[in-house]
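Data from start_19.cif: mmCIF, C-alpha atoms
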data_work
#
loop_
_atom_site.label_atom_id
_atom_site.label_comp_id
_atom_site.auth_asym_id
_atom_site.auth_seq_id
_atom_site.Cartn_x
_atom_site.Cartn_y
_atom_site.Cartn_z
CA MET A 1 -77.36 7.41 -29.02
CA ILE A 2 -76.58 9.64 -32.03
CA LEU A 3 -73.17 9.55 -33.68
CA ASN A 4 -71.27 12.75 -34.18
CA GLU A 5 -70.05 13.55 -37.69
CA GLN A 6 -66.54 12.22 -37.05
CA GLN A 7 -67.85 8.88 -35.74
CA HIS A 8 -70.22 8.51 -38.68
CA GLU A 9 -67.37 9.04 -41.15
CA GLN A 10 -65.51 6.11 -39.55
CA ILE A 11 -67.96 3.62 -41.09
CA ASN A 12 -66.85 2.65 -44.59
CA ILE A 13 -68.86 0.55 -47.03
CA ILE A 14 -66.61 -2.03 -48.72
CA LYS A 15 -67.28 -2.16 -52.45
CA ASN A 16 -68.48 -5.62 -53.52
CA GLY A 17 -68.02 -6.78 -49.92
CA CYS A 18 -69.67 -9.96 -48.66
CA ILE A 19 -69.81 -12.34 -45.69
CA ASP A 20 -66.52 -13.99 -46.71
CA ASP A 21 -64.76 -10.67 -46.04
CA VAL A 22 -65.50 -10.98 -42.31
CA GLN A 23 -62.93 -12.85 -40.19
CA GLY A 24 -63.99 -16.41 -39.38
CA PHE A 25 -66.79 -16.72 -41.95
CA HIS A 26 -66.98 -18.68 -45.20
CA THR A 27 -69.85 -19.34 -47.57
CA ALA A 28 -70.77 -21.74 -50.35
CA GLY A 29 -73.54 -22.18 -52.89
CA THR A 30 -74.62 -24.82 -55.39
CA HIS A 31 -77.47 -26.10 -57.55
CA CYS A 32 -79.05 -29.31 -56.25
CA GLY A 33 -82.20 -29.45 -58.37
CA LEU A 34 -84.87 -27.74 -56.27
CA LYS A 35 -84.99 -25.11 -59.01
CA ARG A 36 -84.61 -25.87 -62.72
CA GLU A 37 -81.24 -24.25 -63.30
CA LYS A 38 -80.39 -21.57 -60.76
CA PRO A 39 -78.45 -22.10 -57.50
CA ASP A 40 -80.73 -23.29 -54.71
CA LEU A 41 -78.60 -24.43 -51.75
CA GLY A 42 -76.26 -22.30 -49.65
CA LEU A 43 -74.10 -22.52 -46.55
CA ILE A 44 -72.62 -20.08 -44.05
CA TYR A 45 -69.82 -21.54 -41.92
CA CYS A 46 -67.86 -20.04 -39.02
CA SER A 47 -64.48 -21.49 -38.11
CA ASN A 48 -65.45 -21.36 -34.43
CA VAL A 49 -68.71 -21.52 -32.53
CA ALA A 50 -70.24 -18.05 -32.93
CA GLU A 51 -72.49 -16.04 -30.69
CA ALA A 52 -75.92 -16.01 -32.33
CA ALA A 53 -79.16 -14.06 -32.28
CA GLY A 54 -82.37 -14.28 -34.25
CA VAL A 55 -85.74 -12.70 -34.91
CA PHE A 56 -88.55 -14.59 -36.60
CA THR A 57 -91.92 -14.14 -38.28
CA THR A 58 -94.95 -13.49 -36.10
CA ASN A 59 -97.13 -15.46 -38.52
CA GLN A 60 -98.72 -18.21 -36.40
CA ILE A 61 -98.12 -20.65 -39.26
CA GLN A 62 -94.37 -21.24 -39.09
CA ALA A 63 -92.26 -23.46 -41.31
CA ALA A 64 -90.40 -26.40 -39.78
CA PRO A 65 -86.89 -24.99 -40.47
CA LEU A 66 -87.84 -21.75 -38.74
CA ARG A 67 -89.18 -23.56 -35.68
CA LEU A 68 -86.01 -25.64 -35.51
CA THR A 69 -83.70 -22.63 -35.78
CA LYS A 70 -85.74 -20.55 -33.35
CA SER A 71 -85.43 -23.34 -30.79
CA LEU A 72 -81.64 -23.42 -31.24
CA ILE A 73 -81.31 -19.67 -30.68
CA GLU A 74 -83.50 -19.77 -27.59
CA THR A 75 -81.75 -22.83 -26.14
CA THR A 76 -78.04 -22.40 -26.90
CA GLY A 77 -77.54 -18.89 -28.30
CA THR A 78 -74.67 -20.16 -30.46
CA LEU A 79 -74.27 -21.38 -34.03
CA GLN A 80 -71.45 -22.49 -36.29
CA ALA A 81 -73.27 -23.04 -39.59
CA VAL A 82 -76.46 -22.07 -41.40
CA VAL A 83 -77.79 -24.11 -44.33
CA VAL A 84 -80.38 -22.50 -46.58
CA ASN A 85 -82.35 -23.86 -49.51
CA SER A 86 -84.48 -21.91 -51.97
CA GLY A 87 -87.23 -23.15 -54.25
CA ASN A 88 -89.10 -24.96 -51.46
CA ALA A 89 -90.25 -23.42 -48.17
CA ASN A 90 -90.72 -26.72 -46.31
CA ALA A 91 -93.77 -25.03 -44.78
CA CYS A 92 -97.14 -26.69 -44.05
CA THR A 93 -95.54 -30.07 -44.77
CA GLY A 94 -96.71 -31.85 -41.61
CA LYS A 95 -94.50 -34.02 -39.40
CA GLN A 96 -92.31 -34.87 -42.39
CA GLY A 97 -91.32 -31.21 -42.63
CA MET A 98 -89.55 -31.28 -39.26
CA ILE A 99 -87.98 -34.65 -40.05
CA ASP A 100 -86.55 -33.17 -43.25
CA ALA A 101 -85.32 -29.99 -41.52
CA GLU A 102 -83.56 -32.09 -38.88
CA GLU A 103 -82.02 -34.27 -41.60
CA MET A 104 -80.63 -31.16 -43.32
CA GLN A 105 -79.15 -30.14 -39.98
CA LYS A 106 -77.64 -33.60 -39.45
CA CYS A 107 -76.16 -33.80 -42.96
CA VAL A 108 -74.35 -30.48 -42.53
CA ALA A 109 -73.14 -31.41 -39.06
CA GLU A 110 -71.68 -34.66 -40.37
CA LYS A 111 -70.09 -32.96 -43.38
CA LEU A 112 -68.36 -30.30 -41.27
CA ASN A 113 -67.85 -32.39 -38.10
CA LEU A 114 -70.05 -30.11 -35.99
CA ASN A 115 -72.58 -30.59 -33.23
CA GLU A 116 -76.06 -30.77 -34.74
CA THR A 117 -77.23 -28.10 -32.29
CA ASP A 118 -74.78 -25.65 -33.85
CA VAL A 119 -76.38 -25.91 -37.31
CA ALA A 120 -79.34 -23.68 -38.21
CA VAL A 121 -81.69 -24.43 -41.10
CA SER A 122 -83.65 -22.02 -43.28
CA SER A 123 -85.86 -22.57 -46.32
CA THR A 124 -87.67 -20.32 -48.77
CA GLY A 125 -89.88 -20.95 -51.78
CA LEU A 126 -93.13 -22.73 -52.54
CA ILE A 127 -95.34 -23.57 -49.54
CA GLY A 128 -96.94 -27.00 -49.11
CA GLU A 129 -94.59 -29.15 -51.17
CA PRO A 130 -92.40 -31.80 -49.45
CA LEU A 131 -88.66 -31.30 -49.78
CA PRO A 132 -87.08 -33.71 -52.28
CA MET A 133 -84.52 -34.84 -49.72
CA LYS A 134 -82.49 -37.00 -52.09
CA LYS A 135 -81.58 -33.86 -54.02
CA VAL A 136 -80.90 -31.91 -50.82
CA ARG A 137 -78.66 -34.64 -49.39
CA THR A 138 -76.66 -34.80 -52.61
CA GLY A 139 -76.42 -31.01 -52.71
CA ILE A 140 -75.08 -30.78 -49.17
CA LYS A 141 -72.38 -33.34 -50.02
CA THR A 142 -71.26 -31.26 -53.01
CA LEU A 143 -71.13 -27.92 -51.16
CA SER A 144 -67.54 -26.66 -51.10
CA LEU A 145 -66.16 -23.81 -49.00
CA THR A 146 -63.08 -23.58 -51.24
CA GLU A 147 -64.46 -24.10 -54.75
CA SER A 148 -68.05 -22.97 -54.55
CA GLN A 149 -70.19 -23.36 -57.67
CA ALA A 150 -72.22 -20.25 -56.86
CA SER A 151 -72.38 -17.50 -54.28
CA PHE A 152 -74.46 -17.92 -51.14
CA ALA A 153 -76.30 -14.72 -52.07
CA GLU A 154 -77.39 -16.32 -55.38
CA ALA A 155 -78.38 -19.62 -53.79
CA ILE A 156 -81.01 -18.13 -51.47
CA LEU A 157 -82.97 -16.16 -54.10
CA THR A 158 -86.50 -16.98 -55.29
CA THR A 159 -88.29 -14.35 -57.40
CA ASP A 160 -85.58 -11.79 -56.65
CA THR A 161 -84.01 -10.14 -59.67
CA THR A 162 -80.69 -9.40 -57.97
CA THR A 163 -78.52 -10.42 -55.03
CA LYS A 164 -78.52 -8.25 -51.92
CA GLU A 165 -75.23 -7.88 -50.01
CA ILE A 166 -73.35 -5.29 -47.98
CA CYS A 167 -70.14 -5.14 -45.92
CA VAL A 168 -68.89 -2.28 -43.77
CA GLU A 169 -65.67 -1.66 -41.86
CA PHE A 170 -64.99 0.58 -38.87
CA VAL A 171 -62.64 0.79 -35.89
CA ILE A 172 -63.21 -0.39 -32.32
CA ASP A 173 -60.37 0.07 -29.80
CA GLU A 174 -57.99 0.75 -32.71
CA GLN A 175 -58.90 -2.60 -34.29
CA ALA A 176 -60.60 -2.94 -37.69
CA VAL A 177 -64.03 -4.57 -37.34
CA ARG A 178 -66.41 -5.66 -40.08
CA ILE A 179 -70.11 -6.40 -40.37
CA ALA A 180 -71.53 -8.02 -43.50
CA GLY A 181 -75.03 -9.01 -44.47
CA VAL A 182 -76.96 -10.79 -47.17
CA ALA A 183 -80.70 -10.90 -47.77
CA LYS A 184 -83.36 -12.25 -50.09
CA GLY A 185 -86.88 -11.09 -50.59
CA SER A 186 -89.04 -9.76 -53.39
CA GLY A 187 -92.63 -10.84 -52.76
CA MET A 188 -94.69 -11.87 -49.72
CA ILE A 189 -92.93 -9.03 -47.89
CA HIS A 190 -94.51 -7.46 -44.82
CA PRO A 191 -92.26 -8.57 -41.93
CA ASN A 192 -93.36 -8.38 -38.32
CA MET A 193 -90.36 -9.69 -36.23
CA ALA A 194 -92.15 -11.77 -45.08
CA THR A 195 -90.69 -14.37 -47.68
CA MET A 196 -87.62 -12.58 -46.59
CA LEU A 197 -84.44 -13.91 -45.09
CA SER A 198 -81.41 -12.00 -43.89
CA PHE A 199 -78.11 -13.07 -42.36
CA LEU A 200 -75.73 -10.65 -40.66
CA VAL A 201 -72.24 -11.57 -39.44
CA THR A 202 -69.49 -9.70 -37.62
CA ASP A 203 -65.99 -10.43 -36.36
CA ALA A 204 -66.55 -8.15 -33.36
CA THR A 205 -66.33 -9.44 -29.79
CA ILE A 206 -69.83 -9.35 -28.31
CA GLN A 207 -71.97 -11.63 -26.18
CA GLY A 208 -75.11 -13.23 -27.54
CA ASN A 209 -77.50 -11.40 -25.22
CA GLU A 210 -76.19 -8.00 -26.34
CA LEU A 211 -76.36 -9.10 -29.98
CA GLN A 212 -79.93 -10.35 -29.50
CA GLN A 213 -81.14 -7.06 -28.05
CA LEU A 214 -79.38 -5.05 -30.74
CA LEU A 215 -80.83 -7.26 -33.50
CA LYS A 216 -84.33 -6.90 -32.08
CA ASP A 217 -84.05 -3.11 -31.82
CA VAL A 218 -82.53 -2.68 -35.26
CA THR A 219 -85.01 -5.06 -36.93
CA ASN A 220 -87.90 -2.96 -35.63
CA LYS A 221 -86.38 0.10 -37.36
CA THR A 222 -85.38 -1.62 -40.61
CA PHE A 223 -86.71 -5.01 -41.74
CA ASN A 224 -89.99 -4.42 -39.92
CA ARG A 225 -90.35 -1.11 -41.77
CA ILE A 226 -90.57 -2.54 -45.28
CA THR A 227 -93.57 -3.82 -47.18
CA VAL A 228 -94.10 -5.00 -50.73
CA ASP A 229 -97.53 -6.60 -50.67
CA GLY A 230 -98.78 -6.82 -47.07
CA ASP A 231 -98.23 -10.58 -46.76
CA SER A 232 -96.15 -11.88 -43.83
CA SER A 233 -94.42 -15.13 -44.67
CA THR A 234 -94.26 -18.41 -42.79
CA ASN A 235 -90.46 -18.48 -43.15
CA ASP A 236 -89.16 -14.98 -42.31
CA MET A 237 -86.04 -14.86 -40.20
CA VAL A 238 -83.06 -12.63 -39.55
CA LEU A 239 -80.01 -14.24 -37.97
CA ALA A 240 -76.91 -12.49 -36.62
CA LEU A 241 -73.62 -14.25 -35.82
CA ALA A 242 -70.48 -12.90 -34.14
CA SER A 243 -67.18 -14.78 -34.50
CA ASN A 244 -65.37 -12.75 -31.78
CA LYS A 245 -62.23 -12.85 -33.93
CA VAL A 246 -61.22 -9.22 -33.35
CA GLN A 247 -59.65 -8.88 -29.90
CA HIS A 248 -60.98 -5.53 -28.71
CA ASN A 249 -62.68 -4.88 -25.38
CA GLN A 250 -66.01 -6.67 -25.30
CA LEU A 251 -68.80 -4.64 -26.81
CA ASN A 252 -71.80 -3.71 -24.71
CA GLN A 253 -73.80 -0.58 -24.07
CA ASP A 254 -71.14 0.69 -21.65
CA HIS A 255 -68.37 0.52 -24.24
CA PRO A 256 -67.38 4.06 -25.37
CA GLN A 257 -67.71 3.03 -29.04
CA TRP A 258 -70.97 1.12 -28.72
CA ALA A 259 -72.72 3.82 -30.78
CA VAL A 260 -70.33 3.22 -33.67
CA PHE A 261 -71.03 -0.52 -33.68
CA GLN A 262 -74.76 0.10 -33.32
CA GLU A 263 -74.77 2.57 -36.21
CA ALA A 264 -72.76 0.23 -38.46
CA PHE A 265 -75.09 -2.68 -37.67
CA GLN A 266 -78.17 -0.54 -38.38
CA LEU A 267 -76.62 0.76 -41.61
CA CYS A 268 -76.22 -2.80 -42.89
CA ALA A 269 -79.78 -3.73 -41.95
CA THR A 270 -81.22 -0.53 -43.42
CA GLU A 271 -79.46 -0.96 -46.75
CA LEU A 272 -80.51 -4.62 -47.01
CA ALA A 273 -84.11 -3.70 -46.15
CA LYS A 274 -84.11 -1.03 -48.86
CA MET A 275 -82.66 -3.49 -51.37
CA ILE A 276 -85.55 -5.86 -50.64
CA ALA A 277 -88.13 -3.09 -51.04
CA ARG A 278 -86.48 -1.84 -54.25
CA ASP A 279 -86.58 -5.36 -55.69
CA GLY A 280 -90.26 -5.91 -54.94
CA GLU A 281 -91.96 -8.14 -57.49
CA GLY A 282 -92.72 -6.06 -60.56
CA ALA A 283 -91.51 -2.86 -58.87
CA THR A 284 -90.32 0.15 -60.84
CA LYS A 285 -89.79 2.56 -57.91
CA LEU A 286 -88.53 2.46 -54.32
CA ILE A 287 -90.80 4.47 -52.00
CA GLU A 288 -89.40 6.03 -48.83
CA VAL A 289 -91.81 7.56 -46.34
CA GLN A 290 -90.39 9.95 -43.75
CA VAL A 291 -92.59 10.92 -40.80
CA VAL A 292 -91.76 13.58 -38.22
CA GLY A 293 -93.80 15.29 -35.52
CA ALA A 294 -95.53 12.10 -34.39
CA LYS A 295 -96.51 11.38 -30.79
CA SER A 296 -93.66 8.82 -30.51
CA ASN A 297 -91.04 7.12 -32.65
CA ASP A 298 -93.14 3.95 -32.63
CA GLU A 299 -96.20 5.80 -33.94
CA ALA A 300 -94.07 7.53 -36.58
CA GLY A 301 -92.93 4.11 -37.79
CA ILE A 302 -96.48 2.75 -37.83
CA ILE A 303 -97.75 5.70 -39.86
CA ALA A 304 -94.84 5.50 -42.31
CA LYS A 305 -95.42 1.79 -42.87
CA THR A 306 -99.18 2.30 -43.22
CA ILE A 307 -98.61 4.86 -45.98
CA VAL A 308 -96.06 2.81 -47.87
CA GLY A 309 -98.25 -0.29 -47.51
CA SER A 310 -101.34 1.33 -49.01
CA ASP A 311 -102.21 -0.27 -52.35
CA LEU A 312 -103.71 3.04 -53.46
CA VAL A 313 -100.51 4.93 -52.64
CA LYS A 314 -98.42 2.24 -54.34
CA THR A 315 -100.52 2.30 -57.53
CA ALA A 316 -100.45 6.12 -57.56
CA VAL A 317 -96.65 6.00 -57.51
CA PHE A 318 -96.67 3.49 -60.36
CA GLY A 319 -98.96 5.83 -62.30
CA LYS A 320 -96.77 8.85 -61.42
CA ASP A 321 -99.81 10.50 -59.88
CA GLY A 322 -99.17 12.82 -56.92
CA ASN A 323 -102.46 11.89 -55.26
CA TRP A 324 -101.83 13.12 -51.72
CA GLY A 325 -105.44 12.32 -50.78
CA ARG A 326 -104.46 8.65 -50.61
CA ILE A 327 -101.58 9.53 -48.30
CA ILE A 328 -103.69 11.48 -45.80
CA CYS A 329 -106.31 8.74 -45.92
CA ALA A 330 -103.68 6.19 -44.85
CA ILE A 331 -102.57 8.49 -42.03
CA GLY A 332 -106.16 8.65 -40.83
CA TYR A 333 -106.67 4.88 -40.59
CA SER A 334 -103.23 4.16 -39.08
CA GLY A 335 -104.76 4.16 -35.59
CA CYS A 336 -102.15 6.62 -34.33
CA THR A 337 -102.47 10.00 -32.65
CA ILE A 338 -102.99 12.83 -35.14
CA SER A 339 -104.49 16.31 -35.32
CA PRO A 340 -106.52 16.35 -38.56
CA ASP A 341 -105.97 20.10 -39.06
CA LEU A 342 -102.17 20.17 -38.68
CA ILE A 343 -100.83 17.71 -41.26
CA ASP A 344 -98.11 18.63 -43.76
CA ILE A 345 -97.40 16.37 -46.76
CA ALA A 346 -94.75 16.67 -49.47
CA ILE A 347 -93.92 14.46 -52.44
CA GLY A 348 -90.23 14.87 -53.15
CA PRO A 349 -89.45 18.61 -52.97
CA TYR A 350 -93.08 19.60 -53.60
CA ALA A 351 -95.36 20.52 -50.70
CA THR A 352 -98.88 19.30 -51.38
CA LEU A 353 -100.52 19.96 -48.01
CA LYS A 354 -99.70 22.52 -45.30
CA GLU A 355 -101.60 22.35 -42.01
CA SER A 356 -104.13 20.20 -43.87
CA GLU A 357 -104.70 22.91 -46.50
CA PRO A 358 -103.95 22.07 -50.19
CA CYS A 359 -100.93 23.93 -51.53
CA GLY A 360 -102.02 24.04 -55.16
CA THR A 361 -98.82 22.33 -56.34
CA ASN A 362 -98.22 21.96 -60.06
CA ASP A 363 -99.26 18.36 -60.83
CA LYS A 364 -97.01 18.28 -63.90
CA ALA A 365 -93.95 19.05 -61.76
CA ILE A 366 -94.78 16.17 -59.40
CA THR A 367 -95.37 13.80 -62.31
CA THR A 368 -91.98 14.76 -63.75
CA TYR A 369 -90.35 14.12 -60.36
CA MET A 370 -92.05 10.72 -60.04
CA THR A 371 -91.02 9.84 -63.59
CA ASP A 372 -87.37 10.86 -63.31
CA GLU A 373 -86.45 9.64 -59.81
CA GLU A 374 -85.82 6.00 -58.88
CA THR A 375 -86.66 6.68 -55.22
CA ILE A 376 -89.90 8.53 -54.46
CA VAL A 377 -89.78 10.30 -51.08
CA ILE A 378 -93.00 11.10 -49.25
CA SER A 379 -92.58 13.44 -46.26
CA VAL A 380 -95.13 13.93 -43.49
CA ASN A 381 -95.12 16.28 -40.50
CA LEU A 382 -97.92 15.62 -38.01
CA HIS A 383 -97.10 18.45 -35.56
CA VAL A 384 -98.28 16.47 -32.51
CA GLY A 385 -94.96 15.45 -30.95
CA THR A 386 -91.28 14.73 -31.53
CA GLY A 387 -91.49 11.18 -32.91
CA VAL A 388 -89.68 10.36 -36.14
CA GLY A 389 -89.67 7.24 -38.31
CA LYS A 390 -89.15 5.87 -41.80
CA ALA A 391 -90.50 2.99 -43.87
CA TRP A 392 -89.75 1.62 -47.32
CA GLY A 393 -91.76 -0.10 -50.00
CA CYS A 394 -92.30 -0.14 -53.74
CA ASP A 395 -94.92 0.68 -56.31
CA LEU A 396 -97.53 -1.86 -57.38
CA SER A 397 -97.38 -2.62 -61.06
CA TYR A 398 -99.09 -4.86 -63.59
CA ASP A 399 -96.11 -7.18 -63.39
CA TYR A 400 -96.79 -7.97 -59.71
CA VAL A 401 -100.05 -9.64 -60.73
CA ARG A 402 -98.38 -11.44 -63.65
CA ILE A 403 -95.54 -12.79 -61.50
CA ASN A 404 -97.78 -14.05 -58.70
CA ALA A 405 -100.56 -15.34 -60.93
CA GLY A 406 -98.04 -17.75 -62.44
CA TYR A 407 -95.91 -18.47 -59.35
CA ARG A 408 -96.58 -22.23 -59.39
CA THR A 409 -96.46 -22.56 -63.15
#
Full structure transcribed into structure tokens:
Amino acid sequence: MILNEQQHEQINIIKNGCIDDVQGFHTAGTHCGLKREKPDLGLIYCSNVAEAAGVFTTNQIQAAPLRLTKSLIETTGTLQAVVVNSGNANACTGKQGMIDAEEMQKCVAEKLNLNETDVAVSSTGLIGEPLPMKKVRTGIKTLSLTESQASFAEAILTTDTTTKEICVEFVIDEQAVRIAGVAKGSGMIHPNMATMLSFLVTDATIQGNELQQLLKDVTNKTFNRITVDGDSSTNDMVLALASNKVQHNQLNQDHPQWAVFQEAFQLCATELAKMIARDGEGATKLIEVQVVGAKSNDEAGIIAKTIVGSDLVKTAVFGKDGNWGRIICAIGYSGCTISPDLIDIAIGPYATLKESEPCGTNDKAITTYMTDEETIVISVNLHVGTGVGKAWGCDLSYDYVRINAGYRT
């Protein structure tokens, strides 16, 4: 469903908004010693048991915290708290990994007087190292929802250079409703539901099954449309929680304002996904690929992500080189339906290919565009259907190699 202009204007982004601005939700962050100095332990708490939904990495190697949380979502569909540590992924840590994840769950449940099954666990950081549980236990005890040492958004970061948060407000049944989200991710980003984590909360009234379907659909159009380096993590997850604090008519696809809620939810996810792509390790540019005229929306998305995931395209953007040959090459190996003689390509406002014929564009003008703009837009029209789709990524710089060559040191 597409919003009309009036409905779209009803969605307002709250400046400096965060999860704590949503009714029922509180967060905390602290430093427990998993990282040298920076915050490394965070908590999301809901004052009541919240409806919950989740999507998770398709990597067959899955970290213990992810497997624990996935089981909770599938079994109960509700949560009241989420504890997250950074600096250690608790992945590939054998049987001890699950023991440690369950102990984190138990410690939070005891601290907040909750059922253990209402506490989700998430970890991000170095793979293959056991969690130093003494530090984690102490950290959980010191977490404070009233006098937090650090923000939750800071506590979940690894190689990120900045926090990633958004909060929007809109009206449902004449009641103000909010959705807020926070994310982390900078490297090992190529989600298929990468290391990326995202948490979305709302005070809207909605059942878990509706939230689960919405999260799945929106993730496929947002978080699953970003790539930094083509690596899908063992720990990727996106969780969504609804406190049901705003007493409007229950939201579902039959509600007359469902499209407004859907659009607001997708806006939050899209902006968080773009923040992750923009903050790619060593990145200097955000790349947005827009595909129209594909056989289907799904194929448009696949082609867009194939282009933005191409190392040759990414290095060309870093070098400010409008090499459209790399773009059409990626289209060709995407595996999607194309007509090789009908492809249009543009870099920013400059057409480089029309019906697969070179346009003779001034290379200097494209280089100036790629130098001056922070977001490089690549547009493709395939002329084989009505499918549309977008994907986001970043350029590939020398610093990406430097950062990852020394990740453990």
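Residue nearest Ala204 in chain A within the list A:Asp173, A:Asp217, A:Glu288, A:Asp298: A:Asp173 [criterion: smallest interatomic distance, all atoms listed in the file].
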Residues matched by the PyMOL selection byres ((chain A and resi 181-184) around 9) as number ranges by chain: A: 18-19, 152-154, 156-158, 160, 162-167, 179-180, 185-186, 195-202, 238, 240, 268-269, 272-273, 275-276
Within 6 Å of Lys314 in chain A using all atoms listed in the file, minus same-chain residues under 2 positions, as a ChimeraX atom specification: /A:311-312,316-317,395-396
The PyMOL selection byres ((chain A and resi 122) around 10) resolved against shown file, as a ChimeraX atom specification: /A:42,63-69,82-86,89-90,101,104-105,120-121,123-124,156,197,235-237
Hits from the PyMOL selection byres ((chain A and resi 169) around 8), listed as a PyMOL selection string: chain A and resi 11-14+167-168+170-171+176-179
Generate the output file for the selected residues, C-alpha atoms, as a compact mmCIF listing (two decimals), keeping the file's coordinate frame.
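In the end it all went to out_0.txt:
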# COMPACT_ATOMS: atom_id res chain seq x y z
CA ILE A 11 -67.96 3.62 -41.09
CA ASN A 12 -66.85 2.65 -44.59
CA ILE A 13 -68.86 0.55 -47.03
CA ILE A 14 -66.61 -2.03 -48.72
CA CYS A 167 -70.14 -5.14 -45.92
CA VAL A 168 -68.89 -2.28 -43.77
CA PHE A 170 -64.99 0.58 -38.87
CA VAL A 171 -62.64 0.79 -35.89
CA ALA A 176 -60.60 -2.94 -37.69
CA VAL A 177 -64.03 -4.57 -37.34
CA ARG A 178 -66.41 -5.66 -40.08
CA ILE A 179 -70.11 -6.40 -40.37
Nearest candidate to Gln266 in chain A (options A:Thr368, A:Gln247, A:Thr93, A:Thr222; using only C-alpha atoms): A:Thr222
Exercise: residues within 12 Å of coordinate (-101.2, 0.6, -47.1), counting all atoms listed in the file, as a ChimeraX atom specification: /A:190,226-231,289,302-316,326-334,391-396
Those same residues - C-alpha atoms - I'd like them written as a compact mmCIF listing (two decimals), in the coordinates of the input.
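Done, and the output landed in out-v6.txt:
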# COMPACT_ATOMS: atom_id res chain seq x y z
CA HIS A 190 -94.51 -7.46 -44.82
CA ILE A 226 -90.57 -2.54 -45.28
CA THR A 227 -93.57 -3.82 -47.18
CA VAL A 228 -94.10 -5.00 -50.73
CA ASP A 229 -97.53 -6.60 -50.67
CA GLY A 230 -98.78 -6.82 -47.07
CA ASP A 231 -98.23 -10.58 -46.76
CA VAL A 289 -91.81 7.56 -46.34
CA ILE A 302 -96.48 2.75 -37.83
CA ILE A 303 -97.75 5.70 -39.86
CA ALA A 304 -94.84 5.50 -42.31
CA LYS A 305 -95.42 1.79 -42.87
CA THR A 306 -99.18 2.30 -43.22
CA ILE A 307 -98.61 4.86 -45.98
CA VAL A 308 -96.06 2.81 -47.87
CA GLY A 309 -98.25 -0.29 -47.51
CA SER A 310 -101.34 1.33 -49.01
CA ASP A 311 -102.21 -0.27 -52.35
CA LEU A 312 -103.71 3.04 -53.46
CA VAL A 313 -100.51 4.93 -52.64
CA LYS A 314 -98.42 2.24 -54.34
CA THR A 315 -100.52 2.30 -57.53
CA ALA A 316 -100.45 6.12 -57.56
CA ARG A 326 -104.46 8.65 -50.61
CA ILE A 327 -101.58 9.53 -48.30
CA ILE A 328 -103.69 11.48 -45.80
CA CYS A 329 -106.31 8.74 -45.92
CA ALA A 330 -103.68 6.19 -44.85
CA ILE A 331 -102.57 8.49 -42.03
CA GLY A 332 -106.16 8.65 -40.83
CA TYR A 333 -106.67 4.88 -40.59
CA SER A 334 -103.23 4.16 -39.08
CA ALA A 391 -90.50 2.99 -43.87
CA TRP A 392 -89.75 1.62 -47.32
CA GLY A 393 -91.76 -0.10 -50.00
CA CYS A 394 -92.30 -0.14 -53.74
CA ASP A 395 -94.92 0.68 -56.31
CA LEU A 396 -97.53 -1.86 -57.38
All residues 8 Å or closer to Ser339 in chain A, all atoms listed in the file, same chain fewer than 4 positions away omitted, as JSON, numbers by chain: {"A": [343, 382, 383, 384]}
Protein and nucleic acid residues near (-94.1, 4.4, -60.8) (cut-off 7 Å, all atoms listed in the file) as a ChimeraX atom specification: /A:284-285,317-320,370-371,395
For Ile44 in chain A, the nearest of the candidates A:Thr138, A:Thr270, A:Ser151, A:Asn88, counting all atoms listed in the file: A:Ser151
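Our summary of the geometry notes that CA of Ile345 in chain A is positioned 6.7 Å from CA of Asn381 in chain A.
With CA of Ile366 in chain A on one side and CA of Ser397 in chain A on the other, the separation reads 19.0 Å.
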Selected residue of minimal separation from Thr117 in chain A among A:Ser379, A:Gln80, A:Gln212, A:Asn224, counting only C-alpha atoms: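 Ranked by minimum distance to Thr117 in chain A, first place goes to A:Gln80.
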Exercise: range 354-356 of chain A partners within 6 Å, all atoms listed in the file, chain neighbours under 3 positions left out, as JSON, numbers by chain: {"A": [341, 342, 343, 344]}
Point-to-point distance in Å for CA of Leu239 in chain A and CA of Asp20 in chain A: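 Between these atoms lies a distance of 16.1 Å.
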Closest of A:Ala52, A:Leu145, A:Ile338, A:Val218 to Ala264 in chain A - atom-to-atom distances counting all atoms listed in the file: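 The closest residue to Ala264 in chain A is A:Val218.
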Residue with smallest distance to Arg225 in chain A - pool A:Ala300, A:Leu112, A:Leu131, A:Val136, counting only C-alpha atoms: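 Closest candidate: A:Ala300.
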Within 8 Å of Val388 in chain A using all atoms listed in the file, minus same-chain residues under 5 positions, as number ranges by chain: A: 290-294, 296-297, 300-301
